[in-house]
>>> print(open('my_file_18.cif').read())   # mmCIF, C-alpha atoms and all ligand atoms
data_start
#
loop_
_atom_site.group_PDB
_atom_site.id
_atom_site.type_symbol
_atom_site.label_atom_id
_atom_site.label_comp_id
_atom_site.auth_asym_id
_atom_site.auth_seq_id
_atom_site.Cartn_x
_atom_site.Cartn_y
_atom_site.Cartn_z
ATOM 1 C CA MET A 29 124.263 118.189 -82.966
ATOM 2 C CA GLU A 30 127.327 120.378 -83.002
ATOM 3 C CA ASN A 31 126.729 122.836 -80.227
ATOM 4 C CA ALA A 32 128.107 121.698 -76.833
ATOM 5 C CA ALA A 33 125.219 123.182 -74.850
ATOM 6 C CA VAL A 34 122.616 121.548 -77.096
ATOM 7 C CA LEU A 35 124.488 118.290 -76.796
ATOM 8 C CA LYS A 36 124.544 118.497 -72.999
ATOM 9 C CA GLU A 37 120.842 119.245 -72.891
ATOM 10 C CA TRP A 38 120.074 116.317 -75.178
ATOM 11 C CA TYR A 39 122.284 114.019 -73.089
ATOM 12 C CA GLU A 40 120.582 115.034 -69.864
ATOM 13 C CA ARG A 41 117.169 114.382 -71.343
ATOM 14 C CA VAL A 42 118.246 110.905 -72.405
ATOM 15 C CA ASP A 43 119.783 110.253 -68.995
ATOM 16 C CA SER A 44 116.319 110.491 -67.479
ATOM 17 C CA ASN A 45 117.333 109.045 -64.110
ATOM 18 C CA ARG A 46 120.356 111.405 -63.839
ATOM 19 C CA SER A 47 122.817 108.582 -63.365
ATOM 20 C CA GLY A 48 125.557 110.331 -65.345
ATOM 21 C CA ASN A 49 125.567 107.358 -67.696
ATOM 22 C CA ILE A 50 123.244 106.397 -70.516
ATOM 23 C CA THR A 51 122.497 102.792 -71.357
ATOM 24 C CA ALA A 52 122.120 101.169 -74.768
ATOM 25 C CA VAL A 53 118.326 101.080 -74.366
ATOM 26 C CA GLN A 54 118.152 104.781 -73.441
ATOM 27 C CA LEU A 55 120.394 105.687 -76.368
ATOM 28 C CA GLN A 56 118.436 103.511 -78.798
ATOM 29 C CA ARG A 57 115.163 105.137 -77.732
ATOM 30 C CA ALA A 58 116.596 108.658 -77.990
ATOM 31 C CA LEU A 59 117.986 108.095 -81.490
ATOM 32 C CA ALA A 60 114.661 106.633 -82.608
ATOM 33 C CA VAL A 61 112.979 109.921 -81.633
ATOM 34 C CA GLY A 62 115.231 111.556 -84.243
ATOM 35 C CA ASN A 63 114.017 108.978 -86.792
ATOM 36 C CA LEU A 64 117.180 106.912 -86.603
ATOM 37 C CA GLU A 65 116.276 103.278 -86.058
ATOM 38 C CA PHE A 66 119.136 101.122 -84.834
ATOM 39 C CA SER A 67 119.144 97.553 -83.639
ATOM 40 C CA LEU A 68 120.124 97.159 -80.020
ATOM 41 C CA SER A 69 123.302 95.333 -81.044
ATOM 42 C CA ILE A 70 124.404 98.301 -83.187
ATOM 43 C CA VAL A 71 123.735 100.690 -80.306
ATOM 44 C CA GLN A 72 125.745 98.404 -78.025
ATOM 45 C CA GLN A 73 128.490 98.454 -80.635
ATOM 46 C CA MET A 74 128.392 102.289 -80.660
ATOM 47 C CA ILE A 75 128.804 102.283 -76.895
ATOM 48 C CA ARG A 76 131.656 99.759 -76.996
ATOM 49 C CA MET A 77 133.533 101.927 -79.505
ATOM 50 C CA TYR A 78 133.675 104.897 -77.149
ATOM 51 C CA ASP A 79 133.239 103.291 -73.730
ATOM 52 C CA PHE A 80 136.646 104.478 -72.574
ATOM 53 C CA ASP A 81 136.167 103.358 -68.954
ATOM 54 C CA GLY A 82 134.634 100.043 -70.030
ATOM 55 C CA ASN A 83 131.560 100.256 -67.758
ATOM 56 C CA GLY A 84 129.121 99.411 -70.571
ATOM 57 C CA THR A 85 127.373 102.802 -70.595
ATOM 58 C CA MET A 86 128.066 106.293 -71.975
ATOM 59 C CA SER A 87 129.242 109.177 -69.857
ATOM 60 C CA PHE A 88 128.796 112.627 -71.361
ATOM 61 C CA GLU A 89 132.463 112.752 -72.449
ATOM 62 C CA GLU A 90 132.160 109.374 -74.158
ATOM 63 C CA PHE A 91 128.962 110.506 -75.796
ATOM 64 C CA VAL A 92 130.716 113.614 -77.170
ATOM 65 C CA ALA A 93 133.272 111.331 -78.847
ATOM 66 C CA LEU A 94 130.539 109.104 -80.280
ATOM 67 C CA ASN A 95 128.652 112.148 -81.521
ATOM 68 C CA LYS A 96 131.765 113.376 -83.326
ATOM 69 C CA PHE A 97 131.939 110.073 -85.199
ATOM 70 C CA LEU A 98 128.209 110.147 -85.988
ATOM 71 C CA LEU A 99 128.489 113.709 -87.308
ATOM 72 C CA LYS A 100 131.358 112.761 -89.582
ATOM 73 C CA VAL A 101 129.362 109.840 -90.999
ATOM 74 C CA GLN A 102 126.253 111.984 -91.351
ATOM 75 C CA ASN A 103 128.182 114.685 -93.236
ATOM 76 C CA VAL A 104 129.497 112.126 -95.712
ATOM 77 C CA PHE A 105 125.965 110.791 -96.180
ATOM 78 C CA THR A 106 124.528 114.279 -96.762
ATOM 79 C CA LEU A 107 127.237 115.071 -99.282
ATOM 80 C CA LEU A 108 126.400 111.990 -101.350
ATOM 81 C CA GLU A 109 122.629 111.573 -101.064
ATOM 82 C CA ARG A 110 121.816 114.792 -102.959
ATOM 83 C CA GLY A 111 118.377 115.198 -101.421
ATOM 84 C CA ARG A 112 117.101 111.694 -102.149
ATOM 85 C CA GLY A 113 117.422 110.371 -98.623
ATOM 86 C CA TYR A 114 119.372 107.270 -99.574
ATOM 87 C CA LEU A 115 122.641 106.116 -101.122
ATOM 88 C CA SER A 116 123.161 103.643 -103.942
ATOM 89 C CA PRO A 117 125.756 100.896 -103.343
ATOM 90 C CA ASP A 118 128.324 102.857 -105.412
ATOM 91 C CA GLU A 119 127.769 105.872 -103.200
ATOM 92 C CA VAL A 120 128.071 103.762 -100.062
ATOM 93 C CA TYR A 121 131.421 102.607 -101.420
ATOM 94 C CA GLU A 122 132.465 106.199 -102.037
ATOM 95 C CA GLY A 123 131.240 107.208 -98.587
ATOM 96 C CA LEU A 124 133.282 104.490 -96.924
ATOM 97 C CA ALA A 125 136.328 105.586 -98.931
ATOM 98 C CA ASN A 126 135.754 109.175 -97.734
ATOM 99 C CA LEU A 127 135.790 107.855 -94.181
ATOM 100 C CA GLY A 128 139.066 106.051 -94.800
ATOM 101 C CA PHE A 129 137.799 102.520 -95.404
ATOM 102 C CA SER A 130 138.765 100.900 -98.669
ATOM 103 C CA LEU A 131 137.168 97.459 -98.856
ATOM 104 C CA ASP A 132 137.560 95.042 -101.748
ATOM 105 C CA SER A 133 134.454 93.944 -103.678
ATOM 106 C CA PRO A 134 133.594 90.729 -101.809
ATOM 107 C CA ALA A 135 133.931 92.416 -98.422
ATOM 108 C CA PHE A 136 132.078 95.540 -99.531
ATOM 109 C CA LEU A 137 129.175 93.736 -101.193
ATOM 110 C CA THR A 138 128.661 91.425 -98.210
ATOM 111 C CA VAL A 139 128.642 94.339 -95.774
ATOM 112 C CA CYS A 140 126.476 96.492 -98.025
ATOM 113 C CA GLU A 141 123.874 93.763 -98.514
ATOM 114 C CA SER A 142 123.629 92.943 -94.848
ATOM 115 C CA PHE A 143 122.808 96.560 -93.981
ATOM 116 C CA ASP A 144 120.401 97.266 -96.833
ATOM 117 C CA LYS A 145 117.336 95.968 -95.010
ATOM 118 C CA ASN A 146 114.799 96.022 -97.848
ATOM 119 C CA LYS A 147 117.397 94.856 -100.417
ATOM 120 C CA MET A 148 116.488 97.608 -102.893
ATOM 121 C CA GLY A 149 119.993 99.004 -103.217
ATOM 122 C CA MET A 150 118.929 102.090 -101.277
ATOM 123 C CA VAL A 151 120.833 102.671 -98.065
ATOM 124 C CA ARG A 152 119.207 105.130 -95.649
ATOM 125 C CA LEU A 153 121.087 107.223 -93.107
ATOM 126 C CA ASP A 154 120.514 104.856 -90.174
ATOM 127 C CA GLU A 155 121.591 101.910 -92.321
ATOM 128 C CA PHE A 156 124.685 103.788 -93.467
ATOM 129 C CA ILE A 157 125.566 104.713 -89.879
ATOM 130 C CA SER A 158 125.061 101.072 -88.794
ATOM 131 C CA LEU A 159 127.311 99.942 -91.606
ATOM 132 C CA CYS A 160 130.006 102.458 -90.638
ATOM 133 C CA ILE A 161 129.754 101.471 -86.961
ATOM 134 C CA PHE A 162 130.247 97.866 -87.988
ATOM 135 C CA VAL A 163 133.251 98.587 -90.223
ATOM 136 C CA GLN A 164 134.858 100.883 -87.626
ATOM 137 C CA SER A 165 134.383 98.233 -84.904
ATOM 138 C CA ALA A 166 135.837 95.579 -87.176
ATOM 139 C CA ARG A 167 138.779 97.901 -87.866
ATOM 140 C CA ASN A 168 139.352 98.510 -84.135
ATOM 141 C CA LEU A 169 139.168 94.792 -83.390
ATOM 142 C CA PHE A 170 141.521 93.967 -86.253
ATOM 143 C CA ASN A 171 143.998 96.601 -85.080
ATOM 144 C CA SER A 172 143.957 95.153 -81.570
ATOM 145 C CA PHE A 173 145.277 91.869 -83.014
ATOM 146 C CA ASP A 174 147.531 93.489 -85.641
ATOM 147 C CA THR A 175 150.095 94.524 -83.049
ATOM 148 C CA THR A 176 152.969 94.679 -85.533
ATOM 149 C CA LYS A 177 150.885 96.842 -87.927
ATOM 150 C CA GLN A 178 151.417 94.517 -90.893
ATOM 151 C CA GLY A 179 147.791 94.644 -92.036
ATOM 152 C CA ARG A 180 147.529 90.892 -91.531
ATOM 153 C CA ILE A 181 146.612 88.785 -88.516
ATOM 154 C CA THR A 182 146.671 85.116 -87.559
ATOM 155 C CA LEU A 183 143.879 83.838 -85.324
ATOM 156 C CA ASP A 184 143.335 80.551 -83.567
ATOM 157 C CA PHE A 185 139.784 79.228 -83.327
ATOM 158 C CA ASN A 186 139.082 80.811 -79.944
ATOM 159 C CA GLN A 187 140.245 84.207 -81.153
ATOM 160 C CA PHE A 188 138.117 83.806 -84.267
ATOM 161 C CA VAL A 189 135.037 83.063 -82.130
ATOM 162 C CA TYR A 190 135.890 86.082 -79.978
ATOM 163 C CA CYS A 191 136.052 88.286 -83.086
ATOM 164 C CA THR A 192 132.810 87.092 -84.650
ATOM 165 C CA ALA A 193 130.985 87.449 -81.321
ATOM 166 C CA ASN A 194 132.313 91.000 -81.010
ATOM 167 C CA CYS A 195 131.300 91.987 -84.515
ATOM 168 C CA ARG A 196 127.874 90.364 -84.632
ATOM 169 C CA ILE A 197 125.210 92.606 -86.056
HETATM 170 CA CA CA B 201 131.499 104.360 -70.065
#
>>> encode(input="my_file_18.cif", output="structure tokens")
Amino acid sequence: MENAAVLKEWYERVDSNRSGNITAVQLQRALAVGNLEFSLSIVQQMIRMYDFDGNGTMSFEEFVALNKFLLKVQNVFTLLERGRGYLSPDEVYEGLANLGFSLDSPAFLTVCESFDKNKMGMVRLDEFISLCIFVQSARNLFNSFDTTKQGRITLDFNQFVYCTANCRI
């Protein structure tokens, strides 16, 4: 969805009770209508990424920012899938690199496997988006601890628990 008016219309349909905010459940249901199946925790993660006022729901402005991210991910997917509807692990790797994430093999394979639901090495669009949401959230969380921008952080046990709870999928 690139057109602002179309986006607004879509948003207002999802915000069925006209609260000016959409919840994770409303967003999950609306995306499923477009054939994108996301777990509730991924949808919550999407909201957390762009919930600028921290109220746990998406205003239209926050949704516009989320949509921009989703479009970017979708474009990368479309570029690589070449009409098959899925990406191979190598292509997922390339896609992540296109989005600015260069993971090493152990990290990449673990992430890739956990999002390839049927374990056939074929990653569909919703799985690829989920994977990108996870990696972007992990990146944001990491950056919040990496205050000196050294690319390395030290965590105590409580901080580690905080991080894993935040990144659960
Ligand atoms: Ca919000």
>>> closest_atom_pairs(input="my_file_18.cif", of="chain A", to="ligand CA 201 (chain B)", cutoff="9 Å", atoms="all atoms listed in the file", output="JSON lines")
{"residue": "A:Asn49", "atom": "CA", "partner": "B:CA201", "partner_atom": "CA", "distance": 7.1}
{"residue": "A:Ile50", "atom": "CA", "partner": "B:CA201", "partner_atom": "CA", "distance": 8.5}
{"residue": "A:Ile75", "atom": "CA", "partner": "B:CA201", "partner_atom": "CA", "distance": 7.6}
{"residue": "A:Arg76", "atom": "CA", "partner": "B:CA201", "partner_atom": "CA", "distance": 8.3}
{"residue": "A:Tyr78", "atom": "CA", "partner": "B:CA201", "partner_atom": "CA", "distance": 7.4}
{"residue": "A:Asp79", "atom": "CA", "partner": "B:CA201", "partner_atom": "CA", "distance": 4.2}
{"residue": "A:Phe80", "atom": "CA", "partner": "B:CA201", "partner_atom": "CA", "distance": 5.7}
{"residue": "A:Asp81", "atom": "CA", "partner": "B:CA201", "partner_atom": "CA", "distance": 4.9}
{"residue": "A:Gly82", "atom": "CA", "partner": "B:CA201", "partner_atom": "CA", "distance": 5.3}
{"residue": "A:Asn83", "atom": "CA", "partner": "B:CA201", "partner_atom": "CA", "distance": 4.7}
{"residue": "A:Gly84", "atom": "CA", "partner": "B:CA201", "partner_atom": "CA", "distance": 5.5}
{"residue": "A:Thr85", "atom": "CA", "partner": "B:CA201", "partner_atom": "CA", "distance": 4.4}
{"residue": "A:Met86", "atom": "CA", "partner": "B:CA201", "partner_atom": "CA", "distance": 4.4}
{"residue": "A:Ser87", "atom": "CA", "partner": "B:CA201", "partner_atom": "CA", "distance": 5.3}
{"residue": "A:Phe88", "atom": "CA", "partner": "B:CA201", "partner_atom": "CA", "distance": 8.8}
{"residue": "A:Glu89", "atom": "CA", "partner": "B:CA201", "partner_atom": "CA", "distance": 8.8}
{"residue": "A:Glu90", "atom": "CA", "partner": "B:CA201", "partner_atom": "CA", "distance": 6.5}
{"residue": "A:Phe91", "atom": "CA", "partner": "B:CA201", "partner_atom": "CA", "distance": 8.8}
>>> closest_residue(input="my_file_18.cif", among="A:Arg152, A:Arg167, A:Lys177, A:Lys145", to="Phe105 (chain A)", atoms="all atoms listed in the file")
A:Arg152
>>> resolve_selection(input="my_file_18.cif", expression="the PyMOL selection byres (((chain A and resi 164) around 12) and not hetatm)", output="ChimeraX atom specification")
/A:70,73-74,76-78,94,97-98,101,124,127-131,157-163,165-171,195
>>> residues_around(input="my_file_18.cif", residues="Leu183 (chain A)", least_positions_apart="6", cutoff="12 Å", atoms="all atoms listed in the file", output="JSON, numbers by chain")
{"A": [170, 172, 173, 174, 189, 190, 191, 192]}
>>> closest_atom_pairs(input="my_file_18.cif", of="region 85-185 of chain A", to="region 59-67 of chain A", cutoff="8 Å", atoms="all atoms listed in the file", output="JSON lines")
{"residue": "A:Leu153", "atom": "CA", "partner": "A:Leu64", "partner_atom": "CA", "distance": 7.6}
{"residue": "A:Asp154", "atom": "CA", "partner": "A:Leu64", "partner_atom": "CA", "distance": 5.3}
{"residue": "A:Glu155", "atom": "CA", "partner": "A:Phe66", "partner_atom": "CA", "distance": 7.9}
{"residue": "A:Ser158", "atom": "CA", "partner": "A:Phe66", "partner_atom": "CA", "distance": 7.1}
>>> resolve_selection(input="my_file_18.cif", expression="the PyMOL selection byres (((chain A and resi 32) around 12) and not hetatm)", output="VMD selection string")
chain A and resid 29 to 31 33 to 39 88 to 89 91 to 93 95 to 96
>>> write_last_selection(input="my_file_18.cif", atoms="C-alpha atoms", output="compact mmCIF listing (two decimals), keeping the file's coordinate frame")
# COMPACT_ATOMS: atom_id res chain seq x y z
CA MET A 29 124.26 118.19 -82.97
CA GLU A 30 127.33 120.38 -83.00
CA ASN A 31 126.73 122.84 -80.23
CA ALA A 33 125.22 123.18 -74.85
CA VAL A 34 122.62 121.55 -77.10
CA LEU A 35 124.49 118.29 -76.80
CA LYS A 36 124.54 118.50 -73.00
CA GLU A 37 120.84 119.24 -72.89
CA TRP A 38 120.07 116.32 -75.18
CA TYR A 39 122.28 114.02 -73.09
CA PHE A 88 128.80 112.63 -71.36
CA GLU A 89 132.46 112.75 -72.45
CA PHE A 91 128.96 110.51 -75.80
CA VAL A 92 130.72 113.61 -77.17
CA ALA A 93 133.27 111.33 -78.85
CA ASN A 95 128.65 112.15 -81.52
CA LYS A 96 131.76 113.38 -83.33
>>> closest_residue(input="my_file_18.cif", among="A:Glu40, A:Tyr114, A:Asp184, A:Gln56", to="Met148 (chain A)", atoms="all atoms listed in the file")
A:Tyr114
>>> closest_residue(input="my_file_18.cif", among="A:Thr138, A:Gln187, A:Thr176, A:Thr182", to="Tyr121 (chain A)", atoms="all atoms listed in the file")
A:Thr138
>>> resolve_selection(input="my_file_18.cif", expression="the PyMOL selection byres (((chain A and resi 118) around 12) and not hetatm)", output="compact mmCIF listing (two decimals) with C-alpha atoms, in the frame of the given file")
# COMPACT_ATOMS: atom_id res chain seq x y z
CA LEU A 108 126.40 111.99 -101.35
CA GLU A 109 122.63 111.57 -101.06
CA TYR A 114 119.37 107.27 -99.57
CA LEU A 115 122.64 106.12 -101.12
CA SER A 116 123.16 103.64 -103.94
CA PRO A 117 125.76 100.90 -103.34
CA GLU A 119 127.77 105.87 -103.20
CA VAL A 120 128.07 103.76 -100.06
CA TYR A 121 131.42 102.61 -101.42
CA GLU A 122 132.46 106.20 -102.04
CA GLY A 123 131.24 107.21 -98.59
CA LEU A 124 133.28 104.49 -96.92
CA ALA A 125 136.33 105.59 -98.93
CA SER A 133 134.45 93.94 -103.68
CA PHE A 136 132.08 95.54 -99.53
CA LEU A 137 129.18 93.74 -101.19
CA CYS A 140 126.48 96.49 -98.02
CA GLY A 149 119.99 99.00 -103.22
CA MET A 150 118.93 102.09 -101.28
CA VAL A 151 120.83 102.67 -98.06
>>> axis_aligned_box(input="my_file_18.cif", around="region 54-70 of chain A", padding_each_side="4 Å", output="AutoDock Vina command-line options")
--center_x 118.7 --center_y 103.4 --center_z -80.1 --size_x 19.4 --size_y 24.2 --size_z 21.4
>>> decode(input="my_file_18.cif", residues="region 78-118 of chain A", atoms="C-alpha atoms", output="JSON list (two decimals), in the first residue's frame")
[["chain", "number", "residue", "atom", "x", "y", "z"],
["A", 78, "TYR", "CA", 6.88, 1.86, 15.76],
["A", 79, "ASP", "CA", 4.88, 2.60, 18.90],
["A", 80, "PHE", "CA", 6.45, 6.03, 19.27],
["A", 81, "ASP", "CA", 4.17, 7.12, 22.13],
["A", 82, "GLY", "CA", 4.50, 3.75, 23.87],
["A", 83, "ASN", "CA", 0.75, 3.19, 24.40],
["A", 84, "GLY", "CA", 0.83, -0.36, 23.00],
["A", 85, "THR", "CA", -1.32, 0.39, 19.94],
["A", 86, "MET", "CA", -0.84, 1.97, 16.50],
["A", 87, "SER", "CA", -1.96, 5.46, 15.63],
["A", 88, "PHE", "CA", -2.24, 6.23, 11.93],
["A", 89, "GLU", "CA", 1.15, 8.00, 11.92],
["A", 90, "GLU", "CA", 2.81, 5.01, 13.59],
["A", 91, "PHE", "CA", 1.11, 2.72, 11.13],
["A", 92, "VAL", "CA", 2.49, 4.76, 8.21],
["A", 93, "ALA", "CA", 6.01, 4.18, 9.57],
["A", 94, "LEU", "CA", 5.37, 0.46, 10.00],
["A", 95, "ASN", "CA", 3.94, 0.25, 6.50],
["A", 96, "LYS", "CA", 7.08, 1.87, 5.09],
["A", 97, "PHE", "CA", 9.17, -0.86, 6.70],
["A", 98, "LEU", "CA", 6.82, -3.60, 5.47],
["A", 99, "LEU", "CA", 6.94, -2.21, 1.93],
["A", 100, "LYS", "CA", 10.72, -2.18, 1.95],
["A", 101, "VAL", "CA", 10.81, -5.82, 3.09],
["A", 102, "GLN", "CA", 8.14, -6.79, 0.57],
["A", 103, "ASN", "CA", 10.07, -5.15, -2.29],
["A", 104, "VAL", "CA", 13.20, -7.10, -1.40],
["A", 105, "PHE", "CA", 11.16, -10.30, -1.28],
["A", 106, "THR", "CA", 9.56, -9.62, -4.68],
["A", 107, "LEU", "CA", 12.93, -8.88, -6.22],
["A", 108, "LEU", "CA", 14.33, -12.24, -5.10],
["A", 109, "GLU", "CA", 11.41, -14.67, -5.34],
["A", 110, "ARG", "CA", 11.15, -14.47, -9.14],
["A", 111, "GLY", "CA", 7.52, -15.55, -9.26],
["A", 112, "ARG", "CA", 7.87, -18.68, -7.12],
["A", 113, "GLY", "CA", 6.30, -17.24, -3.99],
["A", 114, "TYR", "CA", 9.13, -18.24, -1.68],
["A", 115, "LEU", "CA", 12.82, -17.68, -1.01],
["A", 116, "SER", "CA", 15.54, -20.27, -0.53],
["A", 117, "PRO", "CA", 17.82, -19.81, 2.50],
["A", 118, "ASP", "CA", 20.53, -18.28, 0.26]]
